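Engineer: Handing you this structure, nothing more for now.
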Amino acid sequence: MLELAWLIPALPLVGFVVLVLAGRRLGEPAAGWLGTVMVAASFVVSCVVFAGLAANGGDPFTQTLFTWIPAGDFVVDIGLYLDPLSGVMILFVTGISALIHLYSIGYMHGDPNFSKFFIYLNLFVFSMLVLILGDNLLLTFLGWEGVGACSYLLISFWFDKPANATAGKKAFVTNRIGDWGFLVAIFMVFFTFGSLNYADILPEAGGLAQTTATFIAVMLFIGAIGKSAQLPLSVWLPDAMAGPTPVSALIHAATMVTAGVYLLSRVNPIIAASADWVPDLIAWTGAITALAAAFVAVAQNDIKKVLAYSTVEMLGFMFLAVGIGSYWTAIFLMVVHAFFKALLFLCAGSVIHGMHENQDMRVMGGLRVLMPVTFITYVAGWLSLAGIPPFSGFFGKDEILIYTFQENKALWVVGMLAAFLTAVYIGRQAFMVFFGEERWHEQMARLAVVPPGAAEQAEDEAVEALGEDATDAQVEALVASDAAAGDEVIFHPVPEGFRPHESKWHMTVPLIVLAVLSLVGGLLNLPFPKSAHFLEEWLAPVFEGSATKLTLSTGTIVIMLVVSTVVAVVGTLVAAYIWLQRRVEARRLEPALFANAWYYDAAISRFVGGPGTTAFEATATFDATVVDGAVNGVGGGVTRAGQALRETQTGYVRRYALAIGVGTLLMMAYMISRVVA
Amino acid sequence: MGADVVEVVVFVACALIVLGGGFGVIWFRNPVHAALSLVATLFGVAVLFLNMNAPFLAAVQVIVYTGAIVVLILFVIMLLGVDIEDDLEAEPLQYQRAVALVVAVGVAGLVVAGVSVAGDELVSGAQSVTAVAVDGFPNVSAIGRLLFSEYVFALELAAVLLTIAVVAAVVLARRPAEVEALPAEDASLDPPEPVEPEAEEVFD
Amino acid sequence: MDGVDAGYLVLSAILFSIGAFGLLVRRNPLIMLMCVELMLNAVNLTFVAFGMMLGDLAGQVIVLFVLVVAAAEVVVGLGIIVAMSRRRPGATADDIRVLRG
């Protein structure tokens, strides 16, 4: 049964190839069904393989398919490595991917590039599975790059809007900076171990010199923060919301962004062998990122941006867990987060669809009556994220907080503050979108009296500000940013007599499935009794030697659970107080600092535009004058030398004879001096 | 007292003839006069060979050099015109004569200096054992025996060389079908510029 | 060595330099060829002189070969001069400089 493992990545790959060749001809919705069926089949095989793995007691299983790079000492195989960790991950990756494929059939209905979407999605699933199942660092890196490329392709899926293309580029470039770290780590690993296989590296990692291990760990950490959007490389994830909502759900919530956490979990022996400050670095990076993102999420008005910053925050929690050594809790949160975050994103997509492509929460309200299925499933996701028992998010987040309390009280305080803010911002979103009065009516009324030509006026003002030769993209960007930065609400006009409606079954069925999973996901690992620690024990062999053990008493754990619940409930009540019952002026709590994400993006732009550009131009000038000058100078020097030497070829035979004569004279002088002396 | 009085007298006389002929070759403008000076030099060298107990070589010198080579040269002079004379006044190449003088004087001076200073050490080779020259006859048979035993390979090569020379001379001196003029003195050495085809009008 | 032997060597050297000087200074190709013959004869003299001083017949054998080479060289050289003069009558060594850089 385990031998079927190769089918898991192969099925989506087949789907990709078939869709590339015949996707356009299959058309809608057949292309979508093909993609979905392939990924669903991959999920079925994953279940079978997982069962086989469990029957074996979780012993790692390696299946080598063929040799990819036979280059003397450097040999890399295409092989699949199944151990408890990859077993867990393939299950939820293929499962959630299949659900999102089904959802996309409904969501992308009517899009002219329908089949292209599924091509990219299948390719993405294939790359993600290669990343998870690869038995060596290079295969993981291959999958890593593959998901990065698919992310780029999918974010800028609607690339005729320049903002979307820019977002895709931003994601790719930011990831690249992380990839540099990953590559350097790969070089160092090969240099140290002579192999890139996990089976060769991980058992030997205990014997590494501390500086080597630290170097490798830090480089891999840099790769991880790029992919998992932690500070300082977190800038791409909020912008990635420019892509279609299924993309946000699949890639930027459930799967790709978890690759960084997966990588760090995979190489936990190396992190254990590194200096003591490395885990602290990981933990504090995660915690600070989580807190910063939570603050920003409170002030966002775009329904997807709230969830994007929420993802950054949750990933921060996972990094925190990795940093304090409780790896299995990071994986636990990864799994339940995949459930409820994907659910939340898909609900958001359903709402956006129902609201006729409007994403600003300030024009929504009262949707719980008009979109009941979406609302009910949303509640499951909402309560999970807020951390209210018995939903799964409570168990996932709470295990991390318990371990943090044991290891580092300061980190625990930061984590608790972030958890409180989580409840606040997700409650805010719930109340703004699904409760209260229907605010789009006033927007429609306002548009009716908007003077004609207001859009052109805004454009003219922008052109005036930028100058005559501004490009269309720059003008559009300025108009959009002006609208977003101000208090202006972004409202896409809706037809007369508009009324939000519930979505089709393609979209609601995945919502229901994910809602159920969000509800019962906590059963994977309950705090009591000890026999219910299914996930922890299943993953124990992978993290042997590196994992932190829980030593708190049962009483302390119970107190922690109660405290977390109270914090979550209080946060939700605060949100209700402010945004549902309108007792306090909401604007004061959404300062521009948070709305503009701590002005981080603006700071980067100013730096790159100012001193950054100067540095780049200096480098370019250096390259042109010094490097090119040296090369051209050598060429020029050779030419000049040749032309100088050319003067000796006069063509006069007597001149040549004279040269021979002079040479002979010199030789004779030398020889006779030898004899005479 | 290894030297004979006769030997010395003959040597001095022939030396004068040789050197005089040599100067004549480079001095005379008319090539025929120069050729005749050359004959004098070659004759002197032949007698010197005799003086040095190389009778066979003396004979060969007279027969081959004076009898064949100089005659050949005279043939060609007659063919090309006896009146063509060199203009010895002008020397287009700068410093040619000065440096040539330095080279000539230098070579001669070095040898003289070497001979006078080193003397016997100049003759550093060992006395031969296998090819001893015995005073008097028979010189021809000794040379012949050497030629066909030790130096037979060089002999065969020399034969090949002569054959090649004959073939080369025939090929070089053939009268071509059409006499192509040499390029003019000031002709540019750069390759001719590619001729650009004239833009043709496109007829719709 | 005694005076006569040294004299042979000195004579050869002087003859050689006369030939070299003539080759470098004269422009008429035929005269240049004759100067080459002068140089070759000087060399022949040297070989025979050393052969006599060392009592070795090899010196004389070498002279034979030099003679053969000289003959071949004169033949080819005259062929070149004839071919050259056909194209440009009255050409001197300085006129043939097509192969210049």
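Identifiers for the structure tokens are assigned positionally: chains receive A, B, ... in sequence, residues are indexed from 1 per chain, and ligands are indexed from 1 in the order shown.
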With 9 Å as the limit and counting only C-alpha atoms, what residues in chain C lie close to chain A? Please list them as a list in words.
Structural biologist: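 Residues passing the distance filter: Ala20, Leu23, Leu24, Val25, Arg26, Arg27, Ala93, Asp94, Asp95, Ile96, Arg97, Val98, Leu99, Arg100 and Gly101 of chain C.
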Engineer: Do you know which residues are at most 10 Å from A:Leu220 counting only C-alpha atoms, after dropping those on the same chain fewer than 3 positions away, and could you put them as a list in words?
Structural biologist: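 Counting only C-alpha atoms, the residues come to Gly178, Asp179, Trp180, Gly181, Phe182, Leu183, Val184, Ala185, Ile186, Thr214, Phe215, Ile216, Ala217, Gly223, Ala224, Ile225, Gly226, Gly260, Leu263, Leu264, Val267 and Ile271 of chain A.
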Engineer: How close does each residue of chain C get to chain B, giving the shortest atom pair and distance in Å to one decimal for every residue with an atom at most 6 Å away, counting only C-alpha atoms, sorted by chain and residue number, as a tab-separated table?
Structural biologist:
residue	atom	partner	partner_atom	distance
C:Met1	CA	B:Asp120	CA	5.4
C:Val10	CA	B:Val112	CA	5.8
C:Ala13	CA	B:Ala108	CA	5.0
C:Ile14	CA	B:Ala108	CA	5.4
C:Ser17	CA	B:Ala104	CA	4.5
C:Phe21	CA	B:Ala100	CA	5.7
C:Gly22	CA	B:Ile26	CA	5.2
C:Leu54	CA	B:Gln127	CA	5.0
C:Gly55	CA	B:Ala133	CA	5.4
C:Asp56	CA	B:Val132	CA	5.3
C:Leu57	CA	B:Ala131	CA	5.3
C:Ala72	CA	B:Ala165	CA	5.3
C:Val76	CA	B:Ala169	CA	5.3
C:Gly79	CA	B:Ala169	CA	5.1
C:Ala83	CA	B:Ala173	CA	5.5
C:Arg87	CA	B:Ala181	CA	5.7
Engineer: Using only C-alpha atoms and a distance of at most 8 Å, pull out the residues of chain A that contact chain B, as an NGL selection string.
Structural biologist: :A and (655 or 658 or 661-662 or 665 or 668-669 or 672 or 675-676)
Engineer: Take the residues from that selection and write them out as a PDB file, in the first residue's frame, keeping C-alpha atoms.
Structural biologist:
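This is the output file part-v2.pdb:
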ATOM      1  CA  ARG A 655      64.528  44.866 -43.272  1.00  0.00           C
ATOM      2  CA  LEU A 658      68.619  43.010 -41.120  1.00  0.00           C
ATOM      3  CA  GLY A 661      71.486  39.728 -38.908  1.00  0.00           C
ATOM      4  CA  VAL A 662      71.148  41.610 -35.670  1.00  0.00           C
ATOM      5  CA  LEU A 665      75.178  39.023 -34.019  1.00  0.00           C
ATOM      6  CA  MET A 668      77.339  34.987 -31.654  1.00  0.00           C
ATOM      7  CA  ALA A 669      78.364  37.522 -29.059  1.00  0.00           C
ATOM      8  CA  ILE A 672      81.904  33.592 -28.125  1.00  0.00           C
ATOM      9  CA  VAL A 675      84.161  30.411 -24.986  1.00  0.00           C
ATOM     10  CA  VAL A 676      86.485  33.270 -24.351  1.00  0.00           C
TER      11      VAL A 676
END
Engineer: Just to confirm, what's the straight-line distance from atom CA of A:Thr211 to atom CA of A:Leu281 in Å (one decimal)?
Structural biologist: 15.5 Å
Engineer: C:Phe16: which residues within 8 Å, counting only C-alpha atoms, same-chain residues fewer than 6 positions away excluded, as a list in words?
Structural biologist: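 Residues meeting the cut-off are Ala108 of chain B; Leu38, Met39, Leu40, Ala42 and Val43 of chain C.
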Engineer: Create the file for the chosen residues now, containing C-alpha atoms and written as a PDB file, in the first residue's frame.
Structural biologist:
ATOM      1  CA  ALA B 108      83.976  39.609 -38.147  1.00  0.00           C
TER       2      ALA B 108
ATOM      3  CA  LEU C  38      79.753  34.475 -50.746  1.00  0.00           C
ATOM      4  CA  MET C  39      78.420  33.658 -47.322  1.00  0.00           C
ATOM      5  CA  LEU C  40      78.063  29.987 -48.173  1.00  0.00           C
ATOM      6  CA  ALA C  42      82.836  31.394 -46.217  1.00  0.00           C
ATOM      7  CA  VAL C  43      81.068  28.697 -44.284  1.00  0.00           C
TER       8      VAL C  43
END
Engineer: Can you pull out every residue within 8 Å of stretch 236-251 of chain A, counting only C-alpha atoms, but drop anything in the same chain fewer than 5 positions away, and send it as an NGL selection string?
Structural biologist: :A and (96-97 or 100-101 or 103-104 or 107 or 151 or 154-158 or 163-164 or 167-168 or 170-171 or 174 or 229 or 256-257 or 304-305 or 308-309 or 312 or 341-343 or 345-346 or 348-349)
Engineer: Find, counting only C-alpha atoms, the residue in A:Leu21, A:Ile331, A:Met38, A:Gly610 that gets nearest to A:Gly87.
Structural biologist: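 Looking at the shortest contact to A:Gly87, the residue is A:Ile331.
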Engineer: Identify, on the basis of only C-alpha atoms, every residue whose closest approach to A:Gly436 does not exceed 9 Å; exclude the query and any residue fewer than 5 positions from it along the same chain; express the result as a VMD selection string.
Structural biologist: chain A and resid 364 to 367 431 579 to 581
Engineer: Find the residues around A:Phe594 up to 6 Å (only C-alpha atoms counted), leave out those fewer than 3 positions away in its own chain, and share them as a list of chain:residue names.
Structural biologist: A:Val296, A:Ala299, A:Pro591, A:Ala597, A:Trp598
Engineer: Could you save the residues just selected, with N, CA and C atoms, as an mmCIF file, in the first residue's frame?
Structural biologist:
data_model
loop_
_atom_site.group_PDB
_atom_site.id
_atom_site.type_symbol
_atom_site.label_atom_id
_atom_site.label_comp_id
_atom_site.auth_asym_id
_atom_site.auth_seq_id
_atom_site.Cartn_x
_atom_site.Cartn_y
_atom_site.Cartn_z
ATOM 1 N N VAL A 296 -2.714 45.468 13.148
ATOM 2 C CA VAL A 296 -3.108 45.975 11.837
ATOM 3 C C VAL A 296 -4.461 45.442 11.436
ATOM 4 N N ALA A 299 -7.740 47.317 12.038
ATOM 5 C CA ALA A 299 -8.086 48.556 11.343
ATOM 6 C C ALA A 299 -8.295 48.369 9.854
ATOM 7 N N PRO A 591 -6.745 53.580 14.030
ATOM 8 C CA PRO A 591 -5.882 54.683 13.620
ATOM 9 C C PRO A 591 -5.160 54.381 12.310
ATOM 10 N N ALA A 597 -0.639 49.586 8.108
ATOM 11 C CA ALA A 597 0.281 48.501 8.466
ATOM 12 C C ALA A 597 1.601 49.036 8.970
ATOM 13 N N TRP A 598 1.552 49.918 9.952
ATOM 14 C CA TRP A 598 2.749 50.476 10.562
ATOM 15 C C TRP A 598 3.618 51.208 9.545
#
Engineer: Quick one: residues within 7 Å of A:Met318, only C-alpha atoms, excluding same-chain residues fewer than 6 positions away - as number ranges by chain?
Structural biologist: A: 261, 330, 333
Engineer: For the residues selected in the previous step, produce a file with N, CA and C atoms as a PDB file, in the first residue's frame.
Structural biologist:
ATOM      1  N   VAL A 261       7.049  26.662   8.024  1.00  0.00           N
ATOM      2  CA  VAL A 261       6.950  25.938   9.300  1.00  0.00           C
ATOM      3  C   VAL A 261       7.334  24.478   9.092  1.00  0.00           C
ATOM      4  N   ALA A 330       2.937  23.292  16.776  1.00  0.00           N
ATOM      5  CA  ALA A 330       2.939  24.089  15.544  1.00  0.00           C
ATOM      6  C   ALA A 330       2.202  23.341  14.443  1.00  0.00           C
ATOM      7  N   LEU A 333      -1.568  23.406  15.184  1.00  0.00           N
ATOM      8  CA  LEU A 333      -2.181  24.669  14.793  1.00  0.00           C
ATOM      9  C   LEU A 333      -2.230  24.783  13.274  1.00  0.00           C
TER      10      LEU A 333
END
Engineer: Between atom CA of B:Val9 and atom CA of C:Val66, what is the distance, to one decimal in Å?
Structural biologist: 27.9 Å
Engineer: May I have all residues of stretch 35-98 of chain C that DSSP, computed from the backbone, assigns to helix (DSSP H, G or I), given as number ranges by chain?
Structural biologist: C: 35-54, 58-87, 93-95
